[in-house]
Amino acid sequence: MTNLENLNILITGATGGIGTSLSKAFASTKANLFLVGSSKEKISKLRNELPTTENINYFSVDLSERENVSDFCDSIIEKYGGISIIVNNAGITEDNLFMRMTDNAWDKVFAINLDASMIICRKFIRGMIKNKWGRIVNISSVVASTGNPGQSNYVAAKGALNGLTKSLALEVATRGITVNCISPGFIDTSMTAKLTDDQKLKITERIPIGRMGTGDDVSALVLFLVTNEAGYITGQNIHVNGGLFLT
């Protein structure tokens with residue numbers, strides 16, 4: 001596997017269920033980590049779960065505001081020179097039936113699930129092109145492929161993220177940069193924790209493997225996709241869903 005030591009790696013949504021697994025997995029690589037969470041409280045909790053090392057940097061950034069995202073990226077470029085590996089993992093839901101969905105719920109979900117990823121990619125892609133190497137992994141969702149009642153904003157934003165992934169992959173393929181999506185199915189995180197036991201049982205019955213996924217199931221694939229060994233994989237949307245949805 002590729003040695004990631006001293007590479008600059010950015011992970012958004014680092015304090016969530018999948019994000020914490022990603023943070024722990026990459027912390028063992030001795031890379032320079034830039035971990036972004038939505039609040040200082042969540043960042044503080046994550047800090048207590050990771051090794052104490054100068055290679056791990058923590059940031060609280062409101063990704064719903066374009067200016068905040070842009071300023072954060074500029075500060076990283078100015079102080080650290082850029083990012084070699086991006087994992088766009090941050091995401092939120094604001095569920096409601098479509099006819100009842102507010103403009104604010106629509107806009108906020110798009111801002112965090114799509115726009116922030118776009119800005120981050122646009123800010124750091126120039127450095128990757130200059131270095132003739134880079135990795136971008138966008139975390140999407142199975143519902144972007146299947147649809148889901150009550151989640152039209154989330155589904156639309158993740159579907160757009162899939163499209164962005166494909167187009168960007170084609171633009172930078174000759175520059176040693178790969179861009180891929182991972183679409184988790186039902187993963188045991190704070191999002192699925194909102195479900196009742198009965199809802200969880202019904203979901204599990206639909207999954208051929210017979211269980212919900214874990215953050216480690218996702219982070220293992222991310223770790224592979226950022227290596228040189230995965231250098232011939234780009235523009236793909238890879239599902240991690242226990243057989244729930246087959247492409």
# chains A, B, ... in the order shown; residues from 1 in each chain; ligands from 1
>>> closest_atom_pairs(of="stretch 198-228 of chain A", to="stretch 8-28 of chain A", cutoff="7 Å", atoms="only C-alpha atoms", output="CSV")
residue,atom,partner,partner_atom,distance
A:Gly215,CA,A:Ile18,CA,4.3
A:Asp216,CA,A:Ser21,CA,5.7
A:Ser219,CA,A:Leu22,CA,5.1
>>> write_last_selection(atoms="N, CA, C and O atoms", output="short mmCIF file (atom, residue, chain, number, x, y, z; two decimals), in the first residue's frame")
data_model
loop_
_atom_site.label_atom_id
_atom_site.label_comp_id
_atom_site.auth_asym_id
_atom_site.auth_seq_id
_atom_site.Cartn_x
_atom_site.Cartn_y
_atom_site.Cartn_z
N GLY A 215 -18.73 2.34 10.28
CA GLY A 215 -17.82 3.33 9.72
C GLY A 215 -16.57 2.69 9.18
O GLY A 215 -16.00 3.15 8.18
N ASP A 216 -16.12 1.61 9.83
CA ASP A 216 -14.91 0.92 9.38
C ASP A 216 -15.09 0.29 8.00
O ASP A 216 -14.13 0.18 7.23
N SER A 219 -14.38 3.33 5.78
CA SER A 219 -13.02 3.86 5.85
C SER A 219 -12.01 2.92 5.22
O SER A 219 -11.00 3.37 4.66
#
>>> select_by_dssp(residues="stretch 5-229 of chain A", states="strand (DSSP E)", output="VMD selection string")
chain A and resid 8 to 11 32 to 37 56 to 60 85 to 88 134 to 139 177 to 184
>>> closest_residue(among="A:Gly127, A:Gly81, A:Gly150, A:Gly37", to="A:Arg100", atoms="only C-alpha atoms")
A:Gly150
>>> residues_around(residues="stretch 47-62 of chain A", least_positions_apart="4", cutoff="8 Å", atoms="only C-alpha atoms", output="JSON, numbers by chain")
{"A": [23, 24, 27, 30, 31, 32, 33, 34, 35, 36, 37, 38, 39, 40, 43, 68, 69, 72]}
>>> residues_around(residues="stretch 113-123 of chain A", least_positions_apart="5", cutoff="6 Å", atoms="only C-alpha atoms", output="tab-separated table (two decimals) with N, CA, C and O atoms, in the first residue's frame")
chain	number	residue	atom	x	y	z
A	63	LEU	N	-19.64	24.77	7.27
A	63	LEU	CA	-19.58	24.48	5.83
A	63	LEU	C	-20.82	24.94	5.08
A	63	LEU	O	-20.86	24.84	3.86
A	88	ASN	N	-14.31	14.26	1.12
A	88	ASN	CA	-15.49	15.09	1.37
A	88	ASN	C	-16.58	14.23	1.99
A	88	ASN	O	-17.36	13.58	1.30
A	91	GLY	N	-21.95	15.86	5.76
A	91	GLY	CA	-23.30	15.79	5.21
A	91	GLY	C	-24.34	15.95	6.31
A	91	GLY	O	-24.10	15.60	7.46
A	157	ALA	N	-28.99	16.45	-3.78
A	157	ALA	CA	-27.64	16.95	-3.54
A	157	ALA	C	-26.60	15.85	-3.73
A	157	ALA	O	-25.54	16.07	-4.34
A	161	LEU	N	-23.61	15.40	-6.46
A	161	LEU	CA	-22.23	15.10	-6.07
A	161	LEU	C	-21.66	13.96	-6.91
A	161	LEU	O	-20.49	13.99	-7.31
>>> closest_residue(among="A:Ala173, A:Thr29, A:Thr196, A:Glu205", to="A:Thr2", atoms="only C-alpha atoms")
A:Thr29
>>> closest_residue(among="A:Glu171, A:Asp217, A:Glu67, A:Asp198", to="A:Phe186", atoms="only C-alpha atoms")
A:Asp217
>>> closest_residue(among="A:Arg211, A:Arg126, A:Lys42, A:Lys166", to="A:Asp188", atoms="only C-alpha atoms")
A:Arg211
>>> select_by_dssp(residues="stretch 62-188 of chain A", states="helix (DSSP H, G or I)", output="JSON, numbers by chain")
{"A": [66, 67, 68, 69, 70, 71, 72, 73, 74, 75, 76, 77, 78, 79, 80, 98, 99, 100, 103, 104, 105, 106, 107, 108, 109, 110, 111, 112, 113, 114, 115, 116, 117, 118, 119, 120, 121, 122, 123, 124, 125, 126, 127, 128, 129, 130, 131, 143, 144, 145, 146, 152, 153, 154, 155, 156, 157, 158, 159, 160, 161, 162, 163, 164, 165, 166, 167, 168, 169, 170, 171, 172, 173, 174, 175]}
>>> write_last_selection(atoms="C-alpha atoms", output="tab-separated table (two decimals), in the first residue's frame")
chain	number	residue	atom	x	y	z
A	66	ARG	CA	-19.46	29.50	1.12
A	67	GLU	CA	-17.27	32.31	2.42
A	68	ASN	CA	-16.28	30.24	5.47
A	69	VAL	CA	-15.32	27.28	3.29
A	70	SER	CA	-13.33	29.45	0.91
A	71	ASP	CA	-11.50	31.28	3.69
A	72	PHE	CA	-10.65	28.00	5.42
A	73	CYS	CA	-9.18	26.54	2.22
A	74	ASP	CA	-7.15	29.70	1.58
A	75	SER	CA	-5.71	29.53	5.10
A	76	ILE	CA	-4.63	25.91	4.57
A	77	ILE	CA	-2.94	26.78	1.28
A	78	GLU	CA	-1.18	29.78	2.81
A	79	LYS	CA	0.07	27.94	5.90
A	80	TYR	CA	0.56	24.38	4.69
A	98	PHE	CA	-41.35	17.55	-0.84
A	99	MET	CA	-44.49	19.70	-0.79
A	100	ARG	CA	-43.70	20.75	2.79
A	103	ASP	CA	-36.31	26.79	0.88
A	104	ASN	CA	-34.01	26.94	3.88
A	105	ALA	CA	-34.01	23.15	4.31
A	106	TRP	CA	-33.30	22.71	0.60
A	107	ASP	CA	-30.51	25.32	0.52
A	108	LYS	CA	-28.74	24.16	3.68
A	109	VAL	CA	-28.59	20.54	2.56
A	110	PHE	CA	-27.21	21.57	-0.83
A	111	ALA	CA	-24.73	23.96	0.80
A	112	ILE	CA	-23.15	21.29	3.00
A	113	ASN	CA	-23.65	18.13	0.91
A	114	LEU	CA	-22.67	19.63	-2.47
A	115	ASP	CA	-21.44	23.22	-2.49
A	116	ALA	CA	-18.81	22.78	0.23
A	117	SER	CA	-17.36	19.78	-1.61
A	118	MET	CA	-17.27	21.74	-4.85
A	119	ILE	CA	-15.43	24.67	-3.26
A	120	ILE	CA	-12.92	22.41	-1.51
A	121	CYS	CA	-12.17	20.53	-4.73
A	122	ARG	CA	-11.83	23.73	-6.73
A	123	LYS	CA	-9.48	25.29	-4.18
A	124	PHE	CA	-7.08	22.36	-3.91
A	125	ILE	CA	-7.20	20.84	-7.40
A	126	ARG	CA	-4.69	23.33	-8.81
A	127	GLY	CA	-2.02	22.14	-6.38
A	128	MET	CA	-2.74	18.51	-7.22
A	129	ILE	CA	-2.38	19.27	-10.93
A	130	LYS	CA	0.94	21.02	-10.27
A	131	ASN	CA	2.18	17.99	-8.31
A	143	VAL	CA	-30.35	6.92	-1.79
A	144	ALA	CA	-28.79	9.01	-4.57
A	145	SER	CA	-29.29	5.90	-6.72
A	146	THR	CA	-32.57	4.62	-5.29
A	152	SER	CA	-35.71	14.97	-1.99
A	153	ASN	CA	-33.15	17.62	-1.01
A	154	TYR	CA	-30.61	15.09	0.30
A	155	VAL	CA	-31.10	12.74	-2.66
A	156	ALA	CA	-30.79	15.57	-5.18
A	157	ALA	CA	-27.64	16.95	-3.54
A	158	LYS	CA	-25.94	13.56	-3.36
A	159	GLY	CA	-26.98	12.78	-6.94
A	160	ALA	CA	-25.36	16.04	-8.02
A	161	LEU	CA	-22.23	15.10	-6.07
A	162	ASN	CA	-22.06	11.87	-8.07
A	163	GLY	CA	-22.25	13.86	-11.29
A	164	LEU	CA	-19.57	16.28	-10.13
A	165	THR	CA	-17.33	13.32	-9.32
A	166	LYS	CA	-17.60	11.91	-12.84
A	167	SER	CA	-17.00	15.20	-14.62
A	168	LEU	CA	-14.05	16.20	-12.47
A	169	ALA	CA	-12.53	12.74	-12.82
A	170	LEU	CA	-12.53	13.12	-16.61
A	171	GLU	CA	-10.97	16.58	-16.43
A	172	VAL	CA	-7.98	15.57	-14.29
A	173	ALA	CA	-7.42	11.92	-15.22
A	174	THR	CA	-4.28	12.67	-17.24
A	175	ARG	CA	-2.74	14.57	-14.30
>>> residues_around(residues="A:Arg135", least_positions_apart="2", cutoff="9 Å", atoms="only C-alpha atoms", output="list in words")
Ser84, Ile85, Ile86, Val87, Met128, Trp133, Val137, Gly176, Ile177, Thr178, Val179, Asn180, Leu225, Val226, Thr227 and Gly231 of chain A
>>> residues_around(residues="A:Ser183", least_positions_apart="6", cutoff="8 Å", atoms="only C-alpha atoms", output="list in words")
Ile139, Ser140, Ser141, Val142, Asn237, Ile238, His239, Val240 and Asn241 of chain A
>>> write_last_selection(atoms="N, CA and C atoms", output="mmCIF file, in the first residue's frame")
data_model
loop_
_atom_site.group_PDB
_atom_site.id
_atom_site.type_symbol
_atom_site.label_atom_id
_atom_site.label_comp_id
_atom_site.auth_asym_id
_atom_site.auth_seq_id
_atom_site.Cartn_x
_atom_site.Cartn_y
_atom_site.Cartn_z
ATOM 1 N N ILE A 139 -18.037 11.253 -0.338
ATOM 2 C CA ILE A 139 -18.955 10.311 0.290
ATOM 3 C C ILE A 139 -20.387 10.690 -0.081
ATOM 4 N N SER A 140 -21.018 9.830 -0.851
ATOM 5 C CA SER A 140 -22.382 10.050 -1.334
ATOM 6 C C SER A 140 -23.343 9.208 -0.495
ATOM 7 N N SER A 141 -24.317 8.586 -1.117
ATOM 8 C CA SER A 141 -25.291 7.763 -0.379
ATOM 9 C C SER A 141 -26.019 6.844 -1.347
ATOM 10 N N VAL A 142 -26.429 5.697 -0.863
ATOM 11 C CA VAL A 142 -27.202 4.770 -1.679
ATOM 12 C C VAL A 142 -28.496 5.402 -2.182
ATOM 13 N N ASN A 237 -18.615 5.315 -8.770
ATOM 14 C CA ASN A 237 -19.464 5.417 -7.584
ATOM 15 C C ASN A 237 -19.575 4.007 -7.012
ATOM 16 N N ILE A 238 -18.845 3.760 -5.934
ATOM 17 C CA ILE A 238 -18.744 2.413 -5.374
ATOM 18 C C ILE A 238 -19.688 2.287 -4.180
ATOM 19 N N HIS A 239 -20.554 1.286 -4.255
ATOM 20 C CA HIS A 239 -21.558 1.099 -3.198
ATOM 21 C C HIS A 239 -21.036 0.201 -2.089
ATOM 22 N N VAL A 240 -21.278 0.621 -0.850
ATOM 23 C CA VAL A 240 -20.959 -0.164 0.337
ATOM 24 C C VAL A 240 -22.251 -0.310 1.111
ATOM 25 N N ASN A 241 -23.016 -1.369 0.778
ATOM 26 C CA ASN A 241 -24.384 -1.435 1.325
ATOM 27 C C ASN A 241 -24.844 -2.836 1.716
#
>>> closest_residue(among="A:Asn228, A:Asn148, A:Thr204, A:Ser190", to="A:Leu244", atoms="only C-alpha atoms")
A:Thr204
